[in-house]
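Undergrad: Structure incoming, see below.
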Amino acid sequence: KSNLKGKHLLTLADLNSDEILQLIEDAVQLKKMQKEGKPHSYLSGKTLAMIFEKSSTRTRVSFEVGMNQLGGHALFLSRTDIQLGRGETVSDTAKVLSRYVDGIMIRAHEHSGVEELAANSTVPVINALTDDFHPCQVLADLLTLYEVKGELKGNKLAYVGDGNNMAHSLMIGCAKTGVHCSIASPKGYEPNPSIVELALEIAQETGAKIVVTNQPEEAVANADAVYTDVWASMGWEDEQEVRLQAFQGYQVNKELMSYAKEDAIFLHCLPAKRGQEVSAEVIDGPQSLVFEEAENRLHAQKALMVALMG
Ligand code: CP
Ligand code: NVA
């Protein structure tokens, strides 16, 4: 039902609340159709180019399988294999790919590079993770929360950990859908203040409460969902040792989960490091929905691709 023709998805701020909620509804329908084996070739004959500058398991496979299930085709393009890696400009790459394909998905370090790609592309560009944002992941996260709770508005999501791309996209996605969002990060690892500002602005329209704190227990108090992510993201591996020290006390374990609601769910975008940001007991325990969440990448992105490229 969604129609986002002619749009790009660089961050969830590109969509209004209704558009996000409709995508989630569409994802529920597409998931049902796939489970029941009903054909849904809404992108028959269409091609998605997928440019990867960083590693990926879920994103690569879910986009490729998603295109396949929708009757289309996906091309895996490693940045180093295409001429972009030898210095061809982003804008020339965008203009050339636009002549061949119906959509471009990109995972890159710099968000500004993805903005430049979108500015020069005549087909929809989907951000599949940059250093600053991961909107496709949050579509799947919201879908997961929606499936469990029956609605989004009024729930509380607590994110404990690095103020990274996940923290940023969760704040925006929650603000847009009326989900209260508390972020707890150590000093020096808080989310980008200008993105917090943007989330606060968006939240005024939906009544979502956005809180940034250095206290994990405060963030998790009474939460419906507790979320975490690795302490050293792709590109920050060199800081692994320093971060291990800085993030002491920020592990999501049974003790911290006890501050959340009794029926709270645990989410993680994956890949995870057990014993660092989350204890094995929590991520492999009964409150964890991390594999449902990973599966939902497929369904949420299928809804997104149909809306953008259908
Ligand atoms: N969550 C996520 O984006 O995983 P990948 O890095 O495996 O794509
Ligand atoms: N914050 C993590 C997310 C991985 C899906 C990273 O950027 O590496």
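Here's how to read the names in the structure tokens: chain A, B, ... by the order shown, residue numbers from 1 in each chain, ligand numbers from 1 in the order shown.
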Would you mind listing the residues within 6 Å of ligand 1, counting only C-alpha atoms and all ligand atoms, as a VMD selection string?

TA: chain A and resid 56 to 60 269 to 270

Undergrad: Dump the neighbourhood of ligand 2 as a list in words: all residues within 6 Å, distances computed on only C-alpha atoms and all ligand atoms.

TA: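 The distance check yields Asn164, Asn165, Met166, Ser233, Met234, Cys269 and Leu270 of chain A.
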
Undergrad: Compile the contact shell of range 248-256 of chain A as an mmCIF file with N, CA and C atoms, in the first residue's frame: residues with an atom at most 7 Å away, counting only C-alpha atoms, same-chain residues fewer than 3 positions apart removed.

TA:
```cif
data_model
loop_
_atom_site.group_PDB
_atom_site.id
_atom_site.type_symbol
_atom_site.label_atom_id
_atom_site.label_comp_id
_atom_site.auth_asym_id
_atom_site.auth_seq_id
_atom_site.Cartn_x
_atom_site.Cartn_y
_atom_site.Cartn_z
ATOM 1 N N VAL A 160 21.271 0.808 25.405
ATOM 2 C CA VAL A 160 22.418 0.932 26.307
ATOM 3 C C VAL A 160 23.690 0.659 25.515
ATOM 4 N N GLY A 161 24.559 1.639 25.412
ATOM 5 C CA GLY A 161 25.820 1.388 24.712
ATOM 6 C C GLY A 161 26.320 2.590 23.939
ATOM 7 N N PRO A 216 22.760 3.622 32.840
ATOM 8 C CA PRO A 216 22.026 2.510 32.235
ATOM 9 C C PRO A 216 20.730 2.161 32.982
ATOM 10 N N GLU A 217 20.789 2.154 34.312
ATOM 11 C CA GLU A 217 19.601 1.749 35.094
ATOM 12 C C GLU A 217 18.454 2.731 34.870
ATOM 13 N N LEU A 244 36.654 -1.189 25.643
ATOM 14 C CA LEU A 244 36.350 -2.258 26.599
ATOM 15 C C LEU A 244 36.369 -1.691 28.026
ATOM 16 N N GLN A 245 37.313 -0.816 28.293
ATOM 17 C CA GLN A 245 37.407 -0.161 29.613
ATOM 18 C C GLN A 245 36.282 0.860 29.782
ATOM 19 N N TYR A 259 15.614 -4.094 35.739
ATOM 20 C CA TYR A 259 15.024 -2.751 35.858
ATOM 21 C C TYR A 259 13.903 -2.530 34.835
ATOM 22 N N GLN A 276 30.537 -8.973 26.227
ATOM 23 C CA GLN A 276 30.850 -7.541 26.193
ATOM 24 C C GLN A 276 29.545 -6.754 26.377
ATOM 25 N N GLU A 277 28.932 -6.323 25.284
ATOM 26 C CA GLU A 277 27.729 -5.472 25.428
ATOM 27 C C GLU A 277 26.520 -6.234 25.970
ATOM 28 N N VAL A 278 26.531 -7.565 25.860
ATOM 29 C CA VAL A 278 25.406 -8.357 26.366
ATOM 30 C C VAL A 278 25.923 -9.681 26.922
ATOM 31 N N SER A 279 25.310 -10.144 28.005
ATOM 32 C CA SER A 279 25.681 -11.449 28.549
ATOM 33 C C SER A 279 25.015 -12.527 27.695
ATOM 34 N N VAL A 282 21.402 -13.307 28.585
ATOM 35 C CA VAL A 282 20.318 -12.449 28.072
ATOM 36 C C VAL A 282 20.097 -12.684 26.583
#
```

Undergrad: Let's see if you can do this: from backbone DSSP, list all alpha helix (DSSP H) residues in range 40-235 of chain A, as a VMD selection string.

TA: chain A and resid 58 to 69 90 to 100 111 to 119 135 to 149 165 to 177 193 to 206 216 to 220

Undergrad: When you look at Gly66 in chain A with a cut-off of 12 Å (counting only C-alpha atoms), what residues show up, excluding the ones that are within fewer than 2 positions of it in the same chain? I need them as a PyMOL selection string.

TA: chain A and resi 27+30-31+34+40-44+47-48+58-64+68-74+295-306

Undergrad: Mind checking which residues fall within 10 Å of Ala119 in chain A, counting only C-alpha atoms, ignoring those fewer than 2 positions away in the same chain, and posting them as a list of chain:residue names?

TA: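 Counting only C-alpha atoms, the residues come to A:His8, A:Val90, A:Ser91, A:Ala94, A:Lys95, A:Gly113, A:Val114, A:Glu115, A:Glu116, A:Leu117, A:Ser121, A:Thr122, A:Val125.
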